[in-house]
file input.cif (mmCIF, C-alpha atoms)
data_input
loop_
_atom_site.label_atom_id
_atom_site.label_comp_id
_atom_site.auth_asym_id
_atom_site.auth_seq_id
_atom_site.Cartn_x
_atom_site.Cartn_y
_atom_site.Cartn_z
CA MET R 1 0.00 0.00 0.00
CA GLY R 2 1.28 3.45 -0.93
CA PHE R 3 0.82 6.95 0.39
CA LEU R 4 -1.48 7.56 -2.61
CA ASP R 5 -3.20 4.42 -3.92
CA ILE R 6 -4.94 4.27 -7.29
CA SER R 7 -6.68 0.88 -7.42
CA HIS R 8 -8.50 -0.54 -10.48
CA VAL R 9 -9.61 2.96 -11.48
CA THR R 10 -11.65 3.39 -14.64
CA LYS R 11 -13.35 6.37 -16.25
CA SER R 12 -16.16 6.26 -18.79
CA TYR R 13 -18.16 8.91 -20.59
CA GLY R 14 -21.34 7.10 -21.55
CA GLN R 15 -20.28 3.99 -23.49
CA VAL R 16 -16.76 5.28 -24.09
CA GLN R 17 -14.15 4.09 -21.58
CA VAL R 18 -11.18 6.47 -21.47
CA LEU R 19 -9.26 4.94 -18.52
CA HIS R 20 -8.83 1.20 -18.10
CA GLU R 21 -8.09 -0.43 -14.72
CA VAL R 22 -5.31 1.91 -13.62
CA ASP R 23 -3.26 0.58 -10.68
CA ILE R 24 -0.53 2.80 -9.24
CA ALA R 25 0.79 2.98 -5.67
CA VAL R 26 2.66 6.24 -5.02
CA GLN R 27 4.98 6.22 -2.02
CA GLU R 28 5.37 9.20 0.33
CA GLY R 29 7.92 11.65 -1.04
CA GLU R 30 7.81 10.15 -4.52
CA PHE R 31 7.75 12.21 -7.73
CA LEU R 32 5.48 10.33 -10.14
CA VAL R 33 5.17 11.63 -13.69
CA LEU R 34 2.23 10.64 -15.89
CA VAL R 35 3.42 10.96 -19.48
CA GLY R 36 1.87 10.20 -22.82
CA PRO R 37 0.45 11.74 -25.99
CA SER R 38 -2.59 14.02 -26.03
CA GLY R 39 -5.79 12.15 -25.24
CA CYS R 40 -4.09 9.26 -23.42
CA GLY R 41 -6.00 9.90 -20.16
CA LYS R 42 -3.24 11.37 -17.99
CA SER R 43 -5.02 14.68 -17.21
CA THR R 44 -8.28 12.81 -16.62
CA LEU R 45 -6.53 10.65 -14.03
CA LEU R 46 -5.01 13.73 -12.35
CA ASN R 47 -8.43 15.39 -12.21
CA MET R 48 -9.89 12.27 -10.60
CA ILE R 49 -7.21 12.40 -7.88
CA ALA R 50 -8.08 16.08 -7.34
CA GLY R 51 -11.82 15.37 -7.22
CA LEU R 52 -12.58 17.42 -10.33
CA GLU R 53 -13.74 14.29 -12.20
CA ALA R 54 -15.89 11.49 -10.81
CA ILE R 55 -14.49 7.93 -10.71
CA SER R 56 -16.50 5.42 -12.74
CA SER R 57 -15.11 2.43 -10.80
CA GLY R 58 -12.21 1.61 -8.50
CA ASP R 59 -10.78 3.53 -5.55
CA ILE R 60 -8.36 6.36 -4.87
CA ALA R 61 -6.99 6.58 -1.33
CA ILE R 62 -4.60 8.94 0.46
CA LYS R 63 -2.90 7.67 3.62
CA GLY R 64 -5.35 4.75 3.67
CA ARG R 65 -8.50 6.92 3.45
CA VAL R 66 -10.63 6.36 0.34
CA ILE R 67 -11.47 9.77 -1.12
CA ASN R 68 -13.82 8.80 -3.97
CA GLY R 69 -16.73 10.87 -2.71
CA VAL R 70 -14.76 13.48 -0.79
CA HIS R 71 -15.12 17.11 -1.94
CA PRO R 72 -11.94 18.53 -3.53
CA SER R 73 -11.57 21.08 -0.72
CA LYS R 74 -11.48 18.26 1.86
CA ARG R 75 -8.79 16.12 0.19
CA ASN R 76 -5.75 18.14 1.38
CA ILE R 77 -4.46 18.25 -2.19
CA ALA R 78 -2.96 21.27 -3.95
CA MET R 79 -3.02 21.62 -7.73
CA VAL R 80 -0.86 23.73 -10.03
CA PHE R 81 -2.59 24.34 -13.35
CA GLN R 82 -1.18 24.90 -16.82
CA SER R 83 -2.89 28.31 -16.95
CA TYR R 84 -1.66 29.34 -13.43
CA ALA R 85 -5.27 30.40 -12.56
CA LEU R 86 -4.21 33.48 -10.59
CA TYR R 87 -6.69 36.17 -9.54
CA PRO R 88 -5.74 39.27 -11.56
CA ASN R 89 -7.22 41.72 -9.04
CA MET R 90 -5.22 40.33 -6.11
CA THR R 91 -1.57 40.87 -5.25
CA VAL R 92 0.89 38.00 -5.29
CA GLY R 93 0.68 37.72 -1.51
CA GLN R 94 -3.13 37.68 -1.57
CA ASN R 95 -3.16 35.04 -4.31
CA MET R 96 -0.84 32.82 -2.31
CA THR R 97 -2.77 33.04 0.96
CA PHE R 98 -6.33 33.15 -0.39
CA GLY R 99 -6.83 29.39 0.05
CA LEU R 100 -5.58 29.54 3.64
CA GLU R 101 -7.96 32.41 4.36
CA MET R 102 -10.90 30.44 2.94
CA HIS R 103 -9.98 27.55 5.25
CA GLY R 104 -10.05 29.85 8.27
CA VAL R 105 -6.32 29.90 8.99
CA PRO R 106 -5.51 32.83 11.32
CA LYS R 107 -3.66 35.78 9.78
CA PRO R 108 -0.41 35.34 11.80
CA ALA R 109 -0.15 31.73 10.56
CA ARG R 110 -0.94 32.83 6.98
CA ASP R 111 1.72 35.53 7.10
CA ALA R 112 4.32 33.12 8.48
CA ALA R 113 3.57 30.51 5.79
CA LEU R 114 3.69 33.19 3.09
CA ALA R 115 7.05 34.51 4.27
CA ASP R 116 8.60 31.03 4.34
CA VAL R 117 7.36 29.99 0.90
CA ALA R 118 8.10 33.34 -0.75
CA LYS R 119 11.68 33.16 0.49
CA LEU R 120 12.00 29.54 -0.67
CA LEU R 121 10.81 30.45 -4.18
CA GLN R 122 12.72 33.75 -4.22
CA ILE R 123 9.60 35.82 -4.89
CA ASP R 124 9.47 37.73 -1.58
CA HIS R 125 10.15 40.99 -3.48
CA LEU R 126 7.05 40.43 -5.65
CA LEU R 127 4.40 40.05 -2.95
CA ASP R 128 2.78 43.47 -3.55
CA ARG R 129 2.61 43.15 -7.35
CA LYS R 130 -0.38 42.01 -9.42
CA PRO R 131 -0.11 38.97 -11.73
CA GLY R 132 -0.27 41.22 -14.80
CA GLN R 133 3.03 42.79 -13.75
CA LEU R 134 4.87 39.44 -13.68
CA SER R 135 6.71 37.38 -16.28
CA GLY R 136 5.57 33.87 -17.15
CA GLY R 137 8.21 32.31 -14.93
CA GLN R 138 7.26 34.55 -12.00
CA ARG R 139 3.57 33.69 -12.41
CA GLN R 140 4.50 30.00 -12.39
CA ARG R 141 6.39 30.49 -9.11
CA VAL R 142 3.36 32.23 -7.59
CA ALA R 143 1.11 29.33 -8.65
CA MET R 144 3.55 26.90 -7.04
CA GLY R 145 3.76 29.09 -3.94
CA ARG R 146 -0.01 29.09 -3.57
CA ALA R 147 0.13 25.30 -3.46
CA LEU R 148 3.11 25.14 -1.10
CA VAL R 149 1.67 27.42 1.61
CA ARG R 150 -1.11 24.91 2.21
CA ASN R 151 1.35 22.11 3.08
CA PRO R 152 -0.88 19.48 1.40
CA ASP R 153 -0.48 15.71 1.44
CA VAL R 154 -0.13 15.55 -2.36
CA PHE R 155 0.85 18.11 -5.00
CA LEU R 156 -0.70 17.77 -8.45
CA PHE R 157 0.93 19.49 -11.45
CA ASP R 158 -0.99 19.65 -14.74
CA GLU R 159 1.52 20.48 -17.52
CA PRO R 160 2.76 23.50 -15.54
CA LEU R 161 5.63 24.42 -17.89
CA SER R 162 3.92 24.14 -21.28
CA ASN R 163 3.24 27.91 -21.51
CA LEU R 164 6.90 28.85 -20.98
CA ASP R 165 9.58 29.33 -23.62
CA ALA R 166 12.23 26.64 -24.09
CA LYS R 167 14.98 28.17 -21.93
CA LEU R 168 12.64 29.11 -19.08
CA ARG R 169 11.11 25.64 -19.21
CA VAL R 170 14.56 24.11 -18.61
CA ASP R 171 15.23 26.56 -15.75
CA MET R 172 11.88 25.82 -14.10
CA ARG R 173 12.47 22.07 -14.41
CA THR R 174 15.61 22.52 -12.36
CA GLU R 175 13.76 24.64 -9.78
CA ILE R 176 10.98 22.05 -9.39
CA LYS R 177 13.56 19.27 -9.04
CA LYS R 178 15.49 21.20 -6.36
CA LEU R 179 12.23 22.01 -4.57
CA HIS R 180 11.24 18.35 -4.44
CA GLN R 181 14.67 17.26 -3.21
CA LYS R 182 14.52 19.85 -0.44
CA LEU R 183 10.92 19.37 0.72
CA LYS R 184 10.51 15.61 0.01
CA THR R 185 6.91 16.25 -1.01
CA THR R 186 4.66 13.73 -2.78
CA ILE R 187 4.06 14.90 -6.35
CA VAL R 188 1.98 13.63 -9.27
CA TYR R 189 2.97 15.52 -12.40
CA VAL R 190 1.34 15.37 -15.84
CA THR R 191 3.25 16.16 -19.04
CA HIS R 192 3.40 15.12 -22.69
CA ASP R 193 7.11 16.04 -22.73
CA GLN R 194 9.21 12.89 -22.25
CA ILE R 195 12.33 14.97 -21.40
CA GLU R 196 10.43 16.49 -18.46
CA ALA R 197 9.33 13.02 -17.42
CA MET R 198 12.87 11.61 -17.51
CA THR R 199 14.54 14.51 -15.69
CA LEU R 200 12.00 15.18 -12.93
CA SER R 201 10.59 11.83 -11.89
CA THR R 202 11.52 9.14 -9.43
CA ARG R 203 9.05 6.94 -11.34
CA ILE R 204 7.20 7.30 -14.63
CA ALA R 205 3.82 5.95 -15.74
CA VAL R 206 3.77 5.90 -19.54
CA MET R 207 0.16 6.06 -20.76
CA ASN R 208 -1.48 5.47 -24.12
CA LYS R 209 -5.16 5.12 -25.05
CA GLY R 210 -6.23 4.99 -21.41
CA TYR R 211 -3.84 2.21 -20.40
CA VAL R 212 -0.67 2.38 -18.31
CA GLN R 213 1.83 0.89 -20.74
CA GLN R 214 4.69 0.74 -18.23
CA LEU R 215 5.39 1.93 -14.68
CA GLY R 216 9.01 2.17 -13.59
CA THR R 217 12.06 4.30 -12.88
CA PRO R 218 13.40 6.51 -15.69
CA LYS R 219 16.25 4.02 -16.20
CA GLU R 220 13.87 1.05 -16.41
CA ILE R 221 11.61 2.86 -18.87
CA TYR R 222 14.52 3.94 -21.05
CA ASP R 223 16.70 0.81 -20.99
CA THR R 224 14.04 -1.92 -20.88
CA PRO R 225 10.85 -0.54 -22.47
CA ALA R 226 7.88 -2.88 -22.02
CA ASN R 227 6.71 -2.53 -25.60
CA LEU R 228 7.22 -0.76 -28.89
CA PHE R 229 5.11 2.27 -27.88
CA VAL R 230 7.21 2.99 -24.79
CA ALA R 231 10.44 2.41 -26.73
CA THR R 232 9.60 4.93 -29.43
CA PHE R 233 7.80 7.49 -27.23
CA MET R 234 10.56 7.83 -24.64
CA GLY R 235 13.86 9.18 -25.92
CA SER R 236 14.96 11.93 -28.30
CA PRO R 237 15.84 11.02 -30.99
CA ALA R 238 13.58 7.99 -30.72
CA MET R 239 14.87 4.44 -30.52
CA ASN R 240 15.77 2.96 -33.91
CA ILE R 241 13.46 0.04 -34.77
CA LEU R 242 14.63 -2.42 -37.44
CA PRO R 243 13.02 -5.51 -38.92
CA ALA R 244 15.41 -8.40 -38.32
CA THR R 245 15.58 -12.18 -38.14
CA VAL R 246 17.16 -14.17 -35.33
CA VAL R 247 19.80 -16.59 -36.63
CA MET R 248 22.11 -18.88 -34.67
CA GLU R 249 25.85 -18.64 -35.39
CA GLY R 250 28.37 -20.48 -33.20
CA GLY R 251 25.61 -21.33 -30.74
CA GLN R 252 24.83 -17.61 -30.19
CA PRO R 253 21.73 -15.71 -31.35
CA HIS R 254 22.37 -12.92 -33.86
CA ALA R 255 20.14 -10.30 -35.47
CA GLU R 256 20.26 -10.63 -39.24
CA ILE R 257 19.80 -7.27 -40.98
CA THR R 258 20.84 -5.71 -44.28
CA ASP R 259 23.13 -2.73 -44.84
CA ALA R 260 22.71 0.24 -47.19
CA ASP R 261 23.75 -1.91 -50.18
CA GLY R 262 21.38 -4.75 -49.28
CA ALA R 263 24.16 -7.05 -48.05
CA ARG R 264 23.40 -9.47 -45.18
CA ARG R 265 24.94 -8.45 -41.83
CA LEU R 266 24.88 -10.12 -38.42
CA LEU R 267 24.87 -8.47 -34.99
CA ARG R 268 25.44 -10.77 -32.00
CA PHE R 269 23.09 -10.41 -29.05
CA SER R 270 24.64 -10.16 -25.58
CA GLN R 271 22.21 -12.67 -24.03
CA GLY R 272 21.69 -16.20 -25.26
CA ASN R 273 18.02 -16.70 -24.44
CA LEU R 274 16.72 -15.72 -27.88
CA ALA R 275 17.49 -19.20 -29.22
CA GLU R 276 13.79 -20.09 -29.29
CA TRP R 277 13.33 -17.24 -31.76
CA ALA R 278 15.78 -18.79 -34.23
CA ASP R 279 14.73 -18.19 -37.86
CA LYS R 280 11.84 -16.02 -36.67
CA PRO R 281 11.30 -12.31 -37.40
CA ILE R 282 11.75 -9.75 -34.63
CA LEU R 283 11.96 -5.99 -34.32
CA LEU R 284 15.41 -4.90 -33.18
CA GLY R 285 15.58 -1.75 -31.03
CA ILE R 286 18.80 0.26 -30.65
CA ARG R 287 19.08 3.73 -29.09
CA PRO R 288 20.98 6.34 -31.18
CA GLU R 289 23.67 6.73 -28.49
CA ALA R 290 24.40 2.98 -28.75
CA ILE R 291 25.58 3.56 -32.33
CA THR R 292 28.77 5.58 -32.55
CA ASP R 293 32.37 5.51 -33.80
CA PRO R 294 34.84 2.99 -32.29
CA GLU R 295 36.63 5.65 -30.20
CA GLY R 296 33.35 6.94 -28.76
CA ALA R 297 31.99 3.48 -27.86
CA ASP R 298 31.24 2.57 -24.24
CA ARG R 299 34.46 1.15 -22.75
CA LYS R 300 32.46 -0.82 -20.16
CA SER R 301 30.50 -2.75 -22.77
CA ALA R 302 31.61 -6.30 -23.51
CA ASN R 303 29.73 -6.50 -26.81
CA ILE R 304 30.61 -3.72 -29.26
CA GLN R 305 29.83 -4.95 -32.77
CA PRO R 306 31.57 -3.34 -35.77
CA LEU R 307 29.47 -2.40 -38.81
CA ALA R 308 30.77 -0.63 -41.91
CA ASN R 309 27.93 1.18 -43.67
CA ARG R 310 27.30 4.09 -45.97
CA VAL R 311 26.40 7.46 -44.39
CA THR R 312 23.33 9.25 -45.74
CA VAL R 313 23.10 12.50 -43.74
CA THR R 314 25.12 14.24 -41.01
CA GLU R 315 23.57 16.83 -38.66
CA PRO R 316 25.92 18.78 -36.37
CA ALA R 317 24.05 19.68 -33.18
CA GLY R 318 26.60 21.41 -30.97
CA SER R 319 27.60 18.81 -28.39
CA ASP R 320 26.64 15.92 -30.71
CA THR R 321 26.62 15.02 -34.38
CA PHE R 322 23.65 12.96 -35.56
CA VAL R 323 24.43 10.60 -38.43
CA THR R 324 21.79 8.86 -40.54
CA MET R 325 22.36 5.59 -42.37
CA THR R 326 20.13 2.86 -43.83
CA LEU R 327 19.71 -0.58 -42.23
CA SER R 328 17.07 -3.13 -43.24
CA GLY R 329 15.49 -0.47 -45.43
CA LYS R 330 14.99 1.95 -42.50
CA ASP R 331 16.65 5.25 -41.64
CA VAL R 332 18.82 4.70 -38.56
CA ILE R 333 20.16 7.57 -36.45
CA ALA R 334 23.51 7.38 -34.65
CA ARG R 335 24.63 9.87 -32.01
CA MET R 336 28.29 10.74 -32.47
CA ARG R 337 30.73 13.01 -30.68
CA ALA R 338 30.79 16.60 -31.92
CA ASP R 339 34.23 16.12 -33.49
CA ALA R 340 33.49 12.78 -35.17
CA MET R 341 34.86 12.88 -38.73
CA VAL R 342 31.87 11.63 -40.73
CA ALA R 343 30.81 12.76 -44.20
CA PRO R 344 27.69 11.97 -46.27
CA GLY R 345 28.24 9.35 -48.96
CA GLU R 346 31.27 7.71 -47.33
CA VAL R 347 31.45 4.23 -45.85
CA PHE R 348 32.02 4.66 -42.11
CA ASP R 349 33.06 2.11 -39.47
CA PHE R 350 30.23 2.25 -36.94
CA ALA R 351 30.39 0.63 -33.49
CA ILE R 352 27.11 -0.79 -32.19
CA ASN R 353 26.69 -1.50 -28.47
CA MET R 354 24.61 -4.68 -28.51
CA ASP R 355 24.53 -4.70 -24.70
CA LYS R 356 21.93 -1.96 -25.15
CA ALA R 357 19.91 -3.71 -27.88
CA VAL R 358 16.36 -4.90 -27.19
CA ALA R 359 14.08 -7.15 -29.22
CA PHE R 360 10.32 -6.92 -29.73
CA ASP R 361 7.70 -9.42 -30.87
CA PRO R 362 6.35 -8.09 -34.21
CA ALA R 363 2.91 -9.59 -33.48
CA THR R 364 2.30 -8.28 -29.95
CA GLU R 365 4.87 -5.41 -29.97
CA ALA R 366 5.91 -6.54 -26.46
CA ARG R 367 9.59 -6.63 -25.54
CA ILE R 368 11.11 -10.11 -25.66
CA PRO R 369 12.84 -10.81 -22.31
CA GLN R 370 16.59 -11.24 -22.66
#

call {"tool": "encode", "arguments": {"input": "input.cif", "output": "structure tokens"}}
result
Amino acid sequence: MGFLDISHVTKSYGQVQVLHEVDIAVQEGEFLVLVGPSGCGKSTLLNMIAGLEAISSGDIAIKGRVINGVHPSKRNIAMVFQSYALYPNMTVGQNMTFGLEMHGVPKPARDAALADVAKLLQIDHLLDRKPGQLSGGQRQRVAMGRALVRNPDVFLFDEPLSNLDAKLRVDMRTEIKKLHQKLKTTIVYVTHDQIEAMTLSTRIAVMNKGYVQQLGTPKEIYDTPANLFVATFMGSPAMNILPATVVMEGGQPHAEITDADGARRLLRFSQGNLAEWADKPILLGIRPEAITDPEGADRKSANIQPLANRVTVTEPAGSDTFVTMTLSGKDVIARMRADAMVAPGEVFDFAINMDKAVAFDPATEARIPQ
């Protein structure tokens, strides 16, 4: 049992079911990120935790107390919205303490909570300003401060950074991460941005079409995706997916693929338990950073496979150079060092880290255990 328990929760609108048997136990102090494409059900689930949406079936409990029928104001939950939802006619200080005032908290206690949180968020010099006088980042801090002063059991964030520009979004990610590490609060955070999910969370729930596709740590989600959707949704650039056939050579399973010229090539798997897939088709998944030049390959890996292949496109990107080639008729992206000497049209000696390769069942799209 967790601090926040979501048990067999479903949501339907008439005959249309938009959430299917969601089961997540969130521990106290955990930072859980719900991530997925638009329409996957993540915001609906967040609203059900907040009490803004009714639960069709199942239970949501906080600290062992089922809160299905409890009014939002009685759940001891604070929510930070995408739109900030600040009162334009109130000062920053009034916005931050309004909820406390409505709950009958005495003024000395409100003032003390406001002073502590304003100092923590470095907005104590803004308390007498109106929201219209603030930048987007400052308004976001005020919205977070309004949640923090209440000292709730659970914080809910609904895509709080989506209205900010790229640089400010990165800065605010860092601030939210530092805030969580300092306060050890329990947070459920919704985003469609997989970079936000990977950098902020202690655990991630990847959602699609109302189902939780995988629940795990960022490392588990990234290194051992449960299925093809998780593999391609998480990561930028996305994981390369190649049609391949498992063949046995020297008693070891290999992925048989073709290079840019259509020639047959073999890549040896690190684990030997794909023997039952011999002569069967699979989908081979390799992250771009697992394909590089020999000098840039992971020195800790015991299975770096060489592959000479023709380069199609090179894209310098500052700290990295992205190189595109063709394997099994698909464009494959490699992530090279910035100073890697690669040119379009040449045959280059790639190094593929097969310790990082994963295989998927083409029929079910589930990852094949290795």

call {"tool": "closest_residue", "arguments": {"input": "input.cif", "among": "R:Val105, R:Ile241, R:Met96, R:Leu114", "to": "Thr326 (chain R)", "atoms": "all atoms listed in the file"}}
result
R:Ile241

call {"tool": "residues_around", "arguments": {"input": "input.cif", "residues": "region 18-26 of chain R", "least_positions_apart": "3", "cutoff": "10 Å", "atoms": "all atoms listed in the file", "output": "PyMOL selection string"}}
result
chain R and resi 1-13+15+29-32+39-42+44-45+55-62+186-188+203+205+207-212+215

call {"tool": "residues_near_point", "arguments": {"input": "input.cif", "point": "(10.3, -1.3, -25.4)", "cutoff": "6 Å", "atoms": "all atoms listed in the file", "output": "PDB file with C-alpha atoms, in the frame of the given file"}}
result
ATOM      1  CA  THR R 224      14.040  -1.920 -20.880  1.00  0.00           C
ATOM      2  CA  PRO R 225      10.850  -0.540 -22.470  1.00  0.00           C
ATOM      3  CA  ALA R 226       7.880  -2.880 -22.020  1.00  0.00           C
ATOM      4  CA  ASN R 227       6.710  -2.530 -25.600  1.00  0.00           C
ATOM      5  CA  LEU R 228       7.220  -0.760 -28.890  1.00  0.00           C
ATOM      6  CA  VAL R 230       7.210   2.990 -24.790  1.00  0.00           C
ATOM      7  CA  ALA R 231      10.440   2.410 -26.730  1.00  0.00           C
ATOM      8  CA  ARG R 367       9.590  -6.630 -25.540  1.00  0.00           C
TER       9      ARG R 367
END

call {"tool": "atom_distance", "arguments": {"input": "input.cif", "atom1": "CA of Thr292 (chain R)", "atom2": "CA of Pro316 (chain R)"}}
result
14.0 Å

call {"tool": "atom_distance", "arguments": {"input": "input.cif", "atom1": "CA of Ala255 (chain R)", "atom2": "CA of Asp320 (chain R)"}}
result
27.4 Å

call {"tool": "resolve_selection", "arguments": {"input": "input.cif", "expression": "the PyMOL selection byres ((chain R and resi 77) around 8)", "output": "PyMOL selection string"}}
result
chain R and resi 50+72-73+75-76+78-79+152-156

call {"tool": "closest_residue", "arguments": {"input": "input.cif", "among": "R:Arg310, R:Arg335, R:Lys330, R:Arg110", "to": "Ala290 (chain R)", "atoms": "only C-alpha atoms"}}
result
R:Arg335

call {"tool": "residues_near_point", "arguments": {"input": "input.cif", "point": "(24.6, -17.3, -30.7)", "cutoff": "10 Å", "atoms": "all atoms listed in the file", "output": "PyMOL selection string"}}
result
chain R and resi 246-255+267-275+278

call {"tool": "atom_distance", "arguments": {"input": "input.cif", "atom1": "CA of Ser328 (chain R)", "atom2": "CA of Leu242 (chain R)"}}
result
6.3 Å

call {"tool": "resolve_selection", "arguments": {"input": "input.cif", "expression": "the PyMOL selection byres ((chain R and resi 121-128) around 7)", "output": "ChimeraX atom specification"}}
result
/R:91-93,117-120,129-130,141

call {"tool": "resolve_selection", "arguments": {"input": "input.cif", "expression": "the PyMOL selection byres ((chain R and resi 349) around 9)", "output": "JSON, numbers by chain"}}
result
{"R": [292, 293, 294, 306, 307, 308, 309, 310, 347, 348, 350, 351]}

call {"tool": "closest_residue", "arguments": {"input": "input.cif", "among": "R:Asp111, R:Asp158, R:Glu101, R:Asp355", "to": "Ile286 (chain R)", "atoms": "all atoms listed in the file"}}
result
R:Asp355

call {"tool": "closest_residue", "arguments": {"input": "input.cif", "among": "R:Arg337, R:Gly36, R:Asp171, R:Lys280", "to": "Gln194 (chain R)", "atoms": "only C-alpha atoms"}}
result
R:Gly36

call {"tool": "residues_around", "arguments": {"input": "input.cif", "residues": "Ile368 (chain R)", "least_positions_apart": "2", "cutoff": "8 Å", "atoms": "all atoms listed in the file", "output": "ChimeraX atom specification"}}
result
/R:358-361,366,370

call {"tool": "closest_residue", "arguments": {"input": "input.cif", "among": "R:Gly14, R:Leu200, R:Tyr87, R:His192", "to": "Glu175 (chain R)", "atoms": "only C-alpha atoms"}}
result
R:Leu200

call {"tool": "closest_residue", "arguments": {"input": "input.cif", "among": "R:Pro37, R:Gly99, R:Pro369, R:Pro288", "to": "Asn151 (chain R)", "atoms": "all atoms listed in the file"}}
result
R:Gly99

call {"tool": "build_atoms", "arguments": {"input": "input.cif", "residues": "region 131-142 of chain R", "atoms": "N, CA and C atoms", "output": "compact mmCIF listing (two decimals), in the frame of the given file"}}
result
# COMPACT_ATOMS: atom_id res chain seq x y z
N PRO R 131 -0.57 39.95 -10.74
CA PRO R 131 -0.11 38.97 -11.73
C PRO R 131 0.22 39.56 -13.10
N GLY R 132 -0.52 40.59 -13.50
CA GLY R 132 -0.27 41.22 -14.80
C GLY R 132 1.08 41.90 -14.91
N GLN R 133 1.72 42.14 -13.77
CA GLN R 133 3.03 42.79 -13.75
C GLN R 133 4.18 41.78 -13.72
N LEU R 134 3.86 40.49 -13.82
CA LEU R 134 4.87 39.44 -13.68
C LEU R 134 5.16 38.77 -15.01
N SER R 135 6.37 38.20 -15.13
CA SER R 135 6.71 37.38 -16.28
C SER R 135 6.07 36.00 -16.14
N GLY R 136 6.15 35.21 -17.20
CA GLY R 136 5.57 33.87 -17.15
C GLY R 136 6.20 33.01 -16.07
N GLY R 137 7.53 33.09 -15.95
CA GLY R 137 8.21 32.31 -14.93
C GLY R 137 7.84 32.74 -13.52
N GLN R 138 7.66 34.05 -13.33
CA GLN R 138 7.26 34.55 -12.00
C GLN R 138 5.83 34.11 -11.67
N ARG R 139 4.95 34.15 -12.66
CA ARG R 139 3.57 33.69 -12.41
C ARG R 139 3.55 32.21 -12.06
N GLN R 140 4.42 31.43 -12.71
CA GLN R 140 4.50 30.00 -12.39
C GLN R 140 4.97 29.79 -10.95
N ARG R 141 5.92 30.59 -10.49
CA ARG R 141 6.39 30.49 -9.11
C ARG R 141 5.28 30.84 -8.12
N VAL R 142 4.48 31.85 -8.47
CA VAL R 142 3.36 32.23 -7.59
C VAL R 142 2.36 31.09 -7.50
